[in-house]
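File shown: structure_0.cif (mmCIF, C-alpha atoms).
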```
data_query
#
loop_
_atom_site.label_atom_id
_atom_site.label_comp_id
_atom_site.auth_asym_id
_atom_site.auth_seq_id
_atom_site.Cartn_x
_atom_site.Cartn_y
_atom_site.Cartn_z
CA MET A 1 120.08 67.91 101.61
CA LYS A 2 118.61 69.98 98.77
CA GLY A 3 116.16 72.74 99.64
CA SER A 4 113.47 71.09 97.56
CA GLU A 5 113.69 68.01 99.79
CA ILE A 6 113.04 69.94 103.00
CA SER A 7 109.46 70.59 104.10
CA LEU A 8 108.22 74.13 104.48
CA GLN A 9 107.57 73.45 108.16
CA ALA A 10 111.23 72.55 108.69
CA LYS A 11 112.36 75.59 106.76
CA MET A 12 110.14 77.85 108.86
CA GLU A 13 111.49 76.35 112.09
CA THR A 14 115.00 77.28 110.94
CA ILE A 15 113.96 80.80 109.94
CA GLU A 16 112.10 81.40 113.19
CA SER A 17 115.10 80.21 115.20
CA LEU A 18 117.18 83.06 113.75
CA ALA A 19 114.75 85.86 114.54
CA PRO A 20 115.33 88.08 116.34
CA PRO A 21 119.15 88.08 116.12
CA PRO A 22 121.19 88.18 119.35
CA PRO A 23 122.68 91.53 120.49
CA ILE A 24 126.25 90.30 119.82
CA GLY A 25 127.05 88.88 116.39
CA GLY A 26 123.58 89.79 115.23
CA SER A 27 124.67 90.97 111.80
CA LEU A 28 125.75 87.45 110.82
CA TRP A 29 122.53 86.00 112.18
CA SER A 30 120.57 88.58 110.19
CA SER A 31 122.50 87.78 107.02
CA LEU A 32 121.84 84.08 107.54
CA LEU A 33 118.13 84.74 108.17
CA HIS A 34 117.77 86.67 104.91
CA ALA A 35 119.75 84.02 103.05
CA TYR A 36 117.39 81.29 104.25
CA VAL A 37 114.40 83.41 103.24
CA ALA A 38 115.95 83.84 99.78
CA CYS A 39 116.01 80.06 99.43
CA LEU A 40 112.22 79.85 99.60
CA SER A 41 110.41 79.40 96.32
CA GLY A 42 107.74 81.93 95.37
CA SER A 43 104.91 79.66 96.48
CA GLU A 44 106.72 78.80 99.73
CA LEU A 45 107.29 82.49 100.41
CA CYS A 46 103.62 83.34 99.98
CA GLU A 47 102.61 80.44 102.21
CA ALA A 48 105.18 81.53 104.81
CA VAL A 49 103.71 85.03 104.81
CA LEU A 50 100.29 83.58 105.60
CA LEU A 51 101.68 81.30 108.32
CA THR A 52 103.48 84.12 110.12
CA LEU A 53 100.75 86.78 110.31
CA THR A 54 100.66 86.39 114.10
CA HIS A 55 104.45 86.21 114.48
CA ASP A 56 106.76 88.98 115.63
CA GLU A 57 107.96 91.63 113.22
CA ALA A 58 111.45 90.11 113.32
CA VAL A 59 110.09 87.09 111.43
CA ARG A 60 107.63 88.91 109.18
CA ARG A 61 109.99 91.69 108.01
CA PRO A 62 112.44 89.58 105.98
CA LEU A 63 109.59 87.65 104.37
CA ARG A 64 107.84 90.90 103.41
CA GLY A 65 111.09 92.35 102.11
CA ARG A 66 111.67 89.35 99.84
CA LEU A 67 108.09 89.55 98.60
CA VAL A 68 108.49 93.22 97.66
CA ARG A 69 111.81 92.53 95.93
CA LEU A 70 110.18 89.81 93.83
CA GLY A 71 107.46 92.24 92.82
CA ARG A 72 109.93 94.95 91.85
CA GLU A 73 111.85 92.45 89.75
CA GLY A 74 108.64 91.34 88.03
CA GLU A 75 108.88 87.79 89.34
CA GLY A 76 106.15 85.71 90.92
CA LEU A 77 103.46 88.30 90.12
CA ASP A 78 100.73 85.68 89.74
CA GLN A 79 101.61 84.24 93.14
CA ILE A 80 101.68 87.71 94.74
CA ASP A 81 98.27 88.48 93.25
CA ALA A 82 96.89 85.18 94.55
CA LEU A 83 98.35 85.95 97.97
CA ALA A 84 96.56 89.31 98.04
CA LEU A 85 93.24 87.66 97.24
CA ARG A 86 93.76 85.10 100.00
CA LEU A 87 94.61 87.89 102.45
CA LEU A 88 91.42 89.73 101.51
CA GLU A 89 89.37 86.62 102.20
CA LEU A 90 90.69 86.12 105.73
CA ASN A 91 88.10 86.79 108.44
CA ALA A 92 87.73 86.29 112.17
CA LEU A 93 91.26 87.47 112.83
CA PRO A 94 92.68 88.93 116.06
CA SER A 95 92.51 92.72 116.15
CA THR A 96 96.31 92.91 115.99
CA VAL A 97 96.48 91.00 112.71
CA ARG A 98 94.20 93.09 110.48
CA PRO A 99 96.51 96.15 110.50
CA ARG A 100 99.42 93.85 109.60
CA ILE A 101 97.50 92.50 106.63
CA ASP A 102 96.59 96.00 105.49
CA ALA A 103 100.22 97.08 105.77
CA LEU A 104 101.36 94.05 103.77
CA LEU A 105 98.73 94.71 101.09
CA SER A 106 99.95 98.30 100.86
CA HIS A 107 103.49 97.07 100.23
CA ILE A 108 102.44 94.80 97.36
CA TYR A 109 99.63 96.96 95.90
CA ALA A 110 101.72 98.14 92.94
CA PHE A 111 102.35 94.56 91.82
CA LEU A 112 98.71 93.47 91.73
CA THR A 113 96.51 93.10 88.66
CA PRO A 114 93.93 95.87 88.05
CA PRO A 115 90.95 93.71 89.15
CA THR A 116 92.70 92.86 92.42
CA ARG A 117 93.66 96.50 92.95
CA VAL A 118 90.03 97.52 92.43
CA ARG A 119 88.90 94.93 94.96
CA LEU A 120 91.51 96.09 97.44
CA LEU A 121 90.56 99.75 97.02
CA GLN A 122 86.90 98.87 97.62
CA HIS A 123 87.92 96.86 100.67
CA TRP A 124 89.81 99.78 102.21
CA LYS A 125 87.17 102.34 101.33
CA GLY A 126 84.44 100.15 102.79
CA ARG A 127 86.26 99.50 106.06
CA GLY A 128 85.24 102.88 107.48
CA THR A 129 88.38 103.35 109.59
CA ARG A 130 90.87 106.21 109.37
CA GLY A 131 93.75 103.83 108.76
CA ALA A 132 91.98 102.03 105.91
CA ALA A 133 90.92 105.35 104.39
CA ALA A 134 94.50 106.59 104.50
CA ARG A 135 95.66 103.46 102.68
CA TRP A 136 92.92 103.92 100.07
CA LEU A 137 93.96 107.54 99.51
CA LYS A 138 97.63 106.70 99.21
CA ALA A 139 97.06 103.79 96.86
CA ILE A 140 94.58 105.41 94.51
CA SER A 141 96.49 108.69 94.29
CA ALA A 142 99.58 106.80 93.05
CA ASP A 143 97.67 104.58 90.63
CA PRO A 144 97.40 106.29 87.22
CA LEU A 145 95.10 103.57 85.91
CA LEU A 146 92.47 103.79 88.66
CA PHE A 147 92.91 107.37 89.89
CA GLU A 148 89.69 109.37 89.60
CA ILE A 149 89.85 112.84 91.07
CA SER A 150 86.06 113.13 91.40
CA GLU A 151 86.23 110.29 93.95
CA ILE A 152 88.74 112.27 95.98
CA VAL A 153 86.57 115.38 95.83
CA ALA A 154 83.55 113.41 97.03
CA TYR A 155 85.59 111.82 99.82
CA TRP A 156 86.94 115.23 100.89
CA ARG A 157 83.48 116.73 101.11
CA VAL A 158 82.25 113.89 103.31
CA THR A 159 85.27 113.53 105.61
CA GLU A 160 87.21 116.83 105.36
CA ASP A 161 90.30 114.63 105.51
CA VAL A 162 93.39 116.81 105.04
CA GLY A 163 95.05 113.91 103.24
CA ALA A 164 92.42 114.19 100.51
CA ALA A 165 92.97 117.95 100.35
CA ARG A 166 96.70 117.38 99.82
CA ILE A 167 96.00 115.02 96.92
CA LEU A 168 93.58 117.49 95.35
CA VAL A 169 96.08 120.33 95.61
CA ARG A 170 98.82 118.18 94.12
CA ASN A 171 96.77 116.67 91.29
CA GLY A 172 93.86 119.02 90.71
CA GLU A 173 93.58 121.34 87.74
CA PRO A 174 93.68 125.09 88.52
CA SER A 175 89.97 125.45 87.70
CA LEU A 176 89.06 122.69 90.18
CA LEU A 177 91.16 124.26 92.92
CA ASN A 178 89.47 127.56 92.23
CA GLU A 179 86.14 125.88 93.02
CA LEU A 180 87.48 124.25 96.18
CA LEU A 181 89.51 127.13 97.61
CA SER A 182 86.90 128.54 99.95
CA GLU A 183 86.25 125.04 101.35
CA PHE A 184 89.96 124.46 101.92
CA ILE A 185 90.41 127.82 103.64
CA GLU A 186 87.44 127.23 105.90
CA LYS A 187 88.15 123.62 106.85
CA CYS A 188 91.93 123.17 106.71
CA ARG A 189 94.40 124.33 109.37
CA GLU A 190 97.56 123.93 107.32
CA GLY A 191 98.61 127.34 106.05
CA TRP A 192 101.24 125.87 103.72
CA LEU A 193 98.56 123.79 102.00
CA ILE A 194 96.36 126.84 101.55
CA GLY A 195 99.32 128.71 100.08
CA LYS A 196 99.95 125.96 97.51
CA ALA A 197 96.27 125.80 96.59
CA CYS A 198 96.02 129.56 96.17
CA LEU A 199 99.11 129.75 93.99
CA LYS A 200 97.86 126.97 91.74
CA ALA A 201 94.26 128.16 91.46
CA ALA A 202 93.37 130.25 88.43
CA PRO A 203 91.95 132.72 88.52
CA PHE A 204 92.44 133.46 92.22
CA PRO A 205 89.09 134.75 93.57
CA ASP A 206 89.24 138.18 95.24
CA ALA A 207 86.99 136.94 98.04
CA CYS A 208 89.65 134.40 99.02
CA TRP A 209 92.14 137.17 99.84
CA ILE A 210 89.83 138.27 102.65
CA LEU A 211 89.37 134.71 103.92
CA VAL A 212 93.09 133.96 103.91
CA ARG A 213 93.95 137.29 105.58
CA LYS A 214 91.57 136.51 108.44
CA LYS A 215 92.64 132.94 109.14
CA PHE A 216 96.22 132.65 107.83
CA PRO A 217 98.08 135.97 108.18
CA ALA A 218 101.48 134.47 107.41
CA THR A 219 100.13 132.69 104.33
CA PHE A 220 98.48 135.95 103.26
CA ALA A 221 101.82 137.77 103.42
CA TYR A 222 103.49 134.94 101.52
CA LEU A 223 100.86 135.08 98.79
CA CYS A 224 101.23 138.85 98.55
CA ALA A 225 104.94 138.35 97.97
CA LYS A 226 104.41 135.60 95.40
CA ARG A 227 101.68 137.43 93.51
CA GLY A 228 103.13 140.94 93.87
CA ARG A 229 100.15 142.29 95.82
CA ALA A 230 101.03 145.54 97.60
CA ILE A 231 100.41 146.02 101.32
CA SER A 232 100.96 149.07 103.49
CA ASP A 233 103.61 149.43 106.20
CA ASP A 234 100.89 149.53 108.86
CA GLU A 235 99.32 146.33 107.58
CA ALA A 236 102.77 144.70 107.47
CA LEU A 237 103.29 145.30 111.19
CA GLU A 238 99.73 144.16 111.88
CA LEU A 239 100.40 140.92 110.01
CA VAL A 240 103.43 140.23 112.19
CA HIS A 241 101.36 140.76 115.36
CA ASP A 242 98.54 138.59 114.00
CA ALA A 243 100.96 135.80 113.11
CA LEU A 244 102.51 135.96 116.58
CA SER A 245 99.07 135.61 118.17
CA ARG A 246 98.45 132.28 116.44
CA PRO A 247 99.25 128.92 118.10
CA ASN A 248 102.37 128.66 115.94
CA GLY A 249 103.77 132.13 116.54
CA GLY A 250 106.90 131.18 114.68
CA GLU A 251 105.07 131.88 111.41
CA ALA A 252 105.81 135.55 111.95
CA GLY A 253 109.16 134.76 110.36
CA LEU A 254 107.33 133.97 107.11
CA VAL A 255 105.66 137.38 107.24
CA ILE A 256 109.03 139.09 107.64
CA TRP A 257 110.50 137.02 104.81
CA SER A 258 107.58 138.05 102.60
CA LEU A 259 108.13 141.74 103.39
CA GLY A 260 111.70 141.35 102.26
CA GLN A 261 110.53 139.84 98.96
CA LEU A 262 108.24 142.86 98.55
CA LYS A 263 111.24 145.20 99.15
CA MET A 264 109.44 146.88 102.09
CA TRP A 265 112.50 148.39 103.75
CA SER A 266 110.62 150.92 105.87
CA ALA A 267 108.27 148.23 107.18
CA LEU A 268 111.26 146.13 108.16
CA ASP A 269 112.68 149.17 109.98
CA SER A 270 109.43 149.46 111.96
CA ILE A 271 109.60 145.78 112.86
CA ARG A 272 113.23 146.11 113.92
CA ALA A 273 112.30 149.00 116.21
CA SER A 274 109.57 146.86 117.76
CA LEU A 275 111.67 143.71 118.16
CA PRO A 276 111.75 143.69 122.00
CA ASP A 277 107.95 143.83 122.18
CA LEU A 278 107.55 141.31 119.37
CA GLU A 279 109.96 138.85 120.98
CA ALA A 280 108.12 139.21 124.30
CA GLN A 281 104.85 138.44 122.51
CA LEU A 282 106.44 135.40 120.89
CA TYR A 283 107.76 134.18 124.24
CA ARG A 284 104.31 134.54 125.84
CA GLN A 285 102.77 132.63 122.96
CA TYR A 286 105.19 129.70 123.31
CA ALA A 287 104.73 129.72 127.09
CA THR A 288 101.03 128.95 126.64
CA LEU A 289 101.60 125.94 124.34
#
```
Target format structure tokens, applied to this file:
Amino acid sequence: MKGSEISLQAKMETIESLAPPPPIGGSLWSSLLHAYVACLSGSELCEAVLLTLTHDEAVRRPLRGRLVRLGREGEGLDQIDALALRLLELNALPSTVRPRIDALLSHIYAFLTPPTRVRLLQHWKGRGTRGAAARWLKAISADPLLFEISEIVAYWRVTEDVGAARILVRNGEPSLLNELLSEFIEKCREGWLIGKACLKAAPFPDACWILVRKKFPATFAYLCAKRGRAISDDEALELVHDALSRPNGGEAGLVIWSLGQLKMWSALDSIRASLPDLEAQLYRQYATL
């Protein structure tokens, strides 16, 4: 019997019977499952996606994979766009289904028309949940047509979401980062992110040196090495102790690396002489985690 002569219901019964595959011989079952899914037309595939929102991942995964492949190949884009709009209109769903829909929409976002992408971005931004906000951030930051950095700045200042800070550091102009540096230093806990922001900002405000030194000693040493800022031998040893006193005492290694970049041989000698005490401090720090 030709595939076109078989109802979608019958096709879905066959597909569902193959998922999940058995422990033994499962690879052949999996191959057969994906082959059956490949036989679905574009419209059947989109309908199958809607019908299986409450099904196990073993059924939904191959359908989603085929949908994404169609999008990447530029096929069935109108049907994918229509599917997204139908998904956005679904209401009164079980709590377990909404995250699945959001995940599916994330997978097909790049294949949607600009109006549908705008609607989806508004949907995620208006949801008010951390998961939806993360999807909004990820989608808009990778969308050159709709990306607007002022929106990310506004979102950062309301939520202090480190994900927004990462996007701003990656995409922001040096002058913008210069304006945001003090906020990042005050509100972020990721020293590596502060380091990237400081290196990209121009000009680097003198006041920020003091802020970074107080909160991120290892990042301060790293920036000194990158920007050629001199520090004394006494301050070098103090930076090691300060880094060891932080929750992640392992960052003292970054301080030592930075001293090497600054060619501070005598400071390294002092650290080597103090190694037993420094290692004991590091051990005590890890013991309290």
Notebook entry, point to check: How many Å lie between CA of Leu137 in chain A and CA of Ala164 in chain A, rounded to one decimal?
Noted result: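 According to the coordinates, CA of Leu137 in chain A and CA of Ala164 in chain A are separated by 6.9 Å.
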Item checked: Contacts of range 239-254 of chain A at 10 Å (all atoms listed in the file; same-chain gap of 2+ positions) as a VMD selection string -> chain A and resid 191 213 to 222 233 to 237 256 to 260 271 277 to 279 281 to 286 288 to 289
Next item on the list: Pick out the residues sitting within 12 Å of Ala48 in chain A, and hand them over as a list of chain:residue names; count only C-alpha atoms, and ignore anything fewer than 6 positions along from it in its own chain.
Entry: A:Ser7, A:Leu8, A:Gln9, A:Ala10, A:Lys11, A:Met12, A:Glu13, A:Ile15, A:Glu16, A:Val37, A:Leu40, A:Ser41, A:Gly42, A:Thr54, A:His55, A:Val59, A:Arg60, A:Arg61, A:Pro62, A:Leu63, A:Arg64, A:Arg66, A:Leu67, A:Leu83
Checklist line | Point-to-point distance in Å for CA of Ile210 in chain A and CA of Ala280 in chain A | finding: 28.4 Å
Note to self: Which residues are near Thr129 in chain A? Cut-off 12 Å, only C-alpha atoms, ignore same chain within fewer than 6 positions. Put them as a PyMOL selection string.
What the structure shows: chain A and resi 98-99+102+123+135-136+159
Item checked: Residue with smallest distance to Pro205 in chain A - pool A:Leu177, A:Leu193, A:Ala110, A:Ala225, counting all atoms listed in the file ->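 Nearest candidate to Pro205 in chain A out of A:Leu177, A:Leu193, A:Ala110, A:Ala225: A:Leu177.
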Check: Which is closest to Val255 in chain A among A:Ile80, A:Leu268, A:Val68, A:Leu50, if we use only C-alpha atoms?
Finding: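 The answer is A:Leu268, which sits nearest to Val255 in chain A.
Atom pair CA of Ala38 in chain A / CA of Tyr109 in chain A has a distance of 21.3 Å (rounded to one decimal).
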Margin query: I need the output of the PyMOL selection byres ((chain A and resi 146) around 12) for this file as a list in words; which residues are they?
Written below: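 Written out, the selection comes to Ala110, Thr113, Pro114, Pro115, Thr116, Arg117, Val118, Arg119, Leu120, Leu121, Gln122, Trp136, Leu137, Ala139, Ile140, Ser141, Ala142, Asp143, Pro144, Leu145, Phe147, Glu148, Ile149, Ser150, Glu151 and Ile152 of chain A.
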Next item on the list: Let me know the residues the PyMOL selection byres ((chain A and resi 173) around 12) catches in the file above, as a list of chain:residue names.
Entry: A:Ile149, A:Ser150, A:Ile167, A:Leu168, A:Val169, A:Arg170, A:Asn171, A:Gly172, A:Pro174, A:Ser175, A:Leu176, A:Leu177, A:Asn178, A:Glu179, A:Leu180, A:Ala197, A:Leu199, A:Lys200, A:Ala201, A:Ala202, A:Pro203
Check: So which one's closest to Ile108 in chain A, A:Ala230, A:Cys208, A:Ala82, A:Ala19? Using all atoms listed in the file, please.
Finding: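 Under the stated criterion, the closest residue is A:Ala82.
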Box for range 131-141 of chain A: with edges along x, y and z, all listed atoms inside and 6 Å added on each side, what are the centre and edge lengths in Å to one decimal, as lines of an AutoDock Vina configuration file?
```
center_x = 94.3
center_y = 105.4
center_z = 101.5
size_x = 18.7
size_y = 18.7
size_z = 26.5
```
Note to self: I need the output of the PyMOL selection byres ((chain A and resi 160) around 12) for this file as a PyMOL selection string; which residues are they?
What the structure shows: chain A and resi 130+152-159+161-166+168+180+183-189
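You can rank A:Leu112, A:Val212, A:Ala207, A:Leu32 by their closest distance to Trp192 in chain A using all atoms listed in the file, and at the top of that list sits A:Val212.
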Which residues are close to Ser30 in chain A, i.e. within 9 Å by all atoms listed in the file, leaving aside same-chain residues fewer than 2 positions away? Reply as an mmCIF file with C-alpha atoms, in the coordinates of the input.
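What ended up in selection25.cif:
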```cif
data_model
loop_
_atom_site.group_PDB
_atom_site.id
_atom_site.type_symbol
_atom_site.label_atom_id
_atom_site.label_comp_id
_atom_site.auth_asym_id
_atom_site.auth_seq_id
_atom_site.Cartn_x
_atom_site.Cartn_y
_atom_site.Cartn_z
ATOM 1 C CA LEU A 18 117.180 83.060 113.750
ATOM 2 C CA ALA A 19 114.750 85.860 114.540
ATOM 3 C CA PRO A 20 115.330 88.080 116.340
ATOM 4 C CA PRO A 21 119.150 88.080 116.120
ATOM 5 C CA GLY A 25 127.050 88.880 116.390
ATOM 6 C CA GLY A 26 123.580 89.790 115.230
ATOM 7 C CA SER A 27 124.670 90.970 111.800
ATOM 8 C CA LEU A 28 125.750 87.450 110.820
ATOM 9 C CA LEU A 32 121.840 84.080 107.540
ATOM 10 C CA LEU A 33 118.130 84.740 108.170
ATOM 11 C CA HIS A 34 117.770 86.670 104.910
ATOM 12 C CA ALA A 35 119.750 84.020 103.050
#
```
